[in-house]
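This report concerns only the one structure given below.
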Amino acid sequence: MAFVIRFAKAVRNNWKKSTVFGSALAYGVSYSNEKYEIKQLMRYYCSEASRYGDVKIGLNQRPPKVLVLLNPAANRKSSEEDFQNYCEPILHLAGFEVDVVKTDSEGHARRYVEELASLPDALIVGGGDGTLSEAVSGMKRRQDGAQCPIGVLPLGRTNTLAVKLFSAEGAKNSDLENVRTMANAAYAVIAGKKEKTDVMRIEVLPSAADESPPEKPVYAVGALQWGAFRDILALRDKYWYTASLRDYTAFLFNAFDGAHTWNCKAKISYTEPCSGCSNCYKDMDDQWTAAKKQEQQPRRWWSVFVPRAKTAPKTDYTKIINERCSVRHELEVDPSELVIKTSNVAVDEKESEKDEKTTKLDVVVGEQVDSSFSFIGGSWGRVNSRKFFDCPSRESISVRTVELMPERLKVEESDPEIYYSIDNEAYEVRPVRITIVPKAVEIFTF
C-alpha cells in the first residue's frame, strides 16, 4: 500500500513527465497490438492459400501463370514493400507462377500490355487508379483483340475500384484494414471469381485543321475530373513536410489562389442511356466482335458429331429500335468542378442497383464556389471521407455518350497549363468524346 501511495505522489508531482510517458506507452501498446493482428491475419490468408496450392498439386494441374505489373513509385514508393509483404506470399503459396514487371515511366504499363506477344492466364495490376487505367488501355488497344482477367491490388494512394470490391463497408482507415484489403485482393485472384466491369472510352476530337492521324483512345475505370479541387489535390506532395496533413494543407494554402480552374466553362453534347439497340449495339456489347470472330472460324469436319454446349440465347440488338438513342442534347455549363464517372465509383447502394439495370455514365455538374472558406471546409470533408469524386452537385445527368468541348484551352505558350484528371492521371484539357463500354473487362472479385 505504501508503494502505491508513493507512486501516486510521484505521478502528481511530475505530471508532465507522467503524461508524456503514459502517451508513449499507450501508443506502443496500440502499435504492437495492430502489428500482432496483422501477423495473425496474414497467417490465416497464407494457410488458406497453401491449402489451395496443395489441392492443385494433388490434381496435377498446371500452375497458373500471372503477370504482375507493379508500379514501385505508387503510394509514395511503398507499393513494392506492401506487395512483397502482403500479396506476393499468397500468390506463391497458392502455386501460381508469378512474373513481376516493374514500370519505370508514365505509360509503361500501357505500352507493355499492348505490345505483349501473348497474354498470361491473368494480369495483376499493383498500383493505383492510374496504373489500372494504363493496363486496361493497353489491353483494349491490342491488335489481336486478346483479353484476360485482371486482378487489382490496392497498392496506390487512390484505389477506387479495389476499395469498392475488397474493403469492408464502413471500415476505418487503418494499417490493419489496408492490409486486409490487399490480402482480399490477392486472394480473389486465387479464388477465381470474376465479373464484367464497365469502362469508359475517351477519344480526343480532332479539329478541322488537324491533319495528323487520330490518337488512340484512353480507357478509364473510374472517372474524369476537371476543376479546382483536382488542381489543388495534385499539389499535395508539395507540402510533404506536413506529413499526414498534406492534403488539408494543400487546400488551406491554395483556396485563395485564382490561378486554378475555378470556372469549367464548356459545351456538353450527350445522348441518353440505352440498354442496347440497332444504333449502339457495337458499343453496348463489347463481346460482339469476339463473338462474330468465333462464328466465322472454320469448324472441323468431326465437329458435326460433337454436341454443342447449351448457351443462353443472345439478344439480337440489330432488331431493336430506339429512336431516342441517337438524339443529341446540348448544354452549356460553367461550374467550378465537373465529374464524369462510371458506376465503379458509385457510393450509394440504390445508385449501384440502378446502374446494374441500365449501363450509363453520370455527368456531375458541380456548384459555383461561394467563398474560399466554404470550399476549404467542403474539400476537407471529401478528403477525410476519401470520397474525391463526390463534389457538391448542381445537376447530375445520366448519359451513354458525351462530348465535352471546353471553352478555355492552352493555345499559346504563355497560357497556363490546364489538365483533366483521368483515373487520377493528368491529361491536357482538349475536346473529348466519352463513351460507356459495358462489361468491357473481367475483374477478379471477392
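FYI, nothing fancy with the C-alpha cells labels: chains A, B, ... in order, residues from 1 per chain, ligands from 1 as they appear.
Neighbours of Leu91 of chain A closer than or equal to 9 Å, with only C-alpha atoms counted and sequence neighbours fewer than 4 positions away skipped, come out as Cys46, Ala49, Cys87, Gly95, Phe96, Glu97, Val98, Ala186, Tyr187, Val189 and Ile190 of chain A.
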Practice task
Pick out the residues sitting within 10 Å of Ala109 of chain A, and hand them over as a list in words; count only C-alpha atoms, and ignore anything fewer than 4 positions along from it in its own chain.
Solution key: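 Counting only the stated atoms, we get Leu69, Leu70, Asn71, Val101, Lys102, Thr103, Asp104, Ser105, Val113, Glu114, Val125, Gly130, Thr131, Leu132, Ser133, Glu134, Ala135, Val136, Ser137, Gly138 and Met139 of chain A.
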Practice task
Would you please work out which residue, of A:Pro206, A:Gly151, A:Gly276, A:Gly377, is nearest to Thr249 of chain A when using only C-alpha atoms?
Solution key: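 Looking only at the distances to Thr249 of chain A, the closest residue turns out to be A:Gly377.
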Apply DSSP to the backbone of this structure and, from segment 98-191 of chain A, keep only the residues in strand (DSSP E or B); write these as a tab-separated table (two decimals) with C-alpha atoms, in the first residue's frame.
```tsv
chain	number	residue	atom	x	y	z
A	98	VAL	CA	4.35	-15.17	-60.80
A	99	ASP	CA	6.24	-12.89	-63.18
A	100	VAL	CA	6.74	-9.33	-61.90
A	101	VAL	CA	7.35	-6.39	-64.24
A	102	LYS	CA	8.13	-3.03	-62.64
A	122	ALA	CA	-4.27	-13.39	-65.56
A	123	LEU	CA	-2.92	-9.86	-65.43
A	124	ILE	CA	-2.46	-8.38	-61.96
A	125	VAL	CA	-2.10	-4.61	-61.56
A	126	GLY	CA	-0.21	-3.47	-58.48
A	127	GLY	CA	-0.63	0.27	-58.14
A	150	ILE	CA	-7.41	-8.56	-64.40
A	151	GLY	CA	-6.59	-8.62	-60.71
A	152	VAL	CA	-6.47	-5.29	-58.89
A	153	LEU	CA	-4.08	-4.91	-55.95
A	154	PRO	CA	-4.72	-1.67	-53.97
```
Problem - Within 8 Å of Glu332 of chain A using only C-alpha atoms, minus same-chain residues under 5 positions, as a PyMOL selection string - result: chain A and resi 265-268
Practice task
Using only C-alpha atoms, find the one residue out of A:Asp175, A:Glu425, A:Glu195, A:Glu169 that sits nearest to Val441 of chain A.
Solution key: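 Closest to Val441 of chain A of all the choices is A:Glu195.
For the set A:Cys264, A:Leu93, A:Met200, A:Ala2, the residue with the smallest atom-to-atom gap to Asp231 of chain A is A:Cys264, counting only C-alpha atoms.
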Handout entry: A:Thr181, A:Asp198, A:Asn14, A:Phe373 ranked by distance to Lys164 of chain A, top pick (using only C-alpha atoms)
Key =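 So, comparing all the options, the nearest one is A:Thr181.
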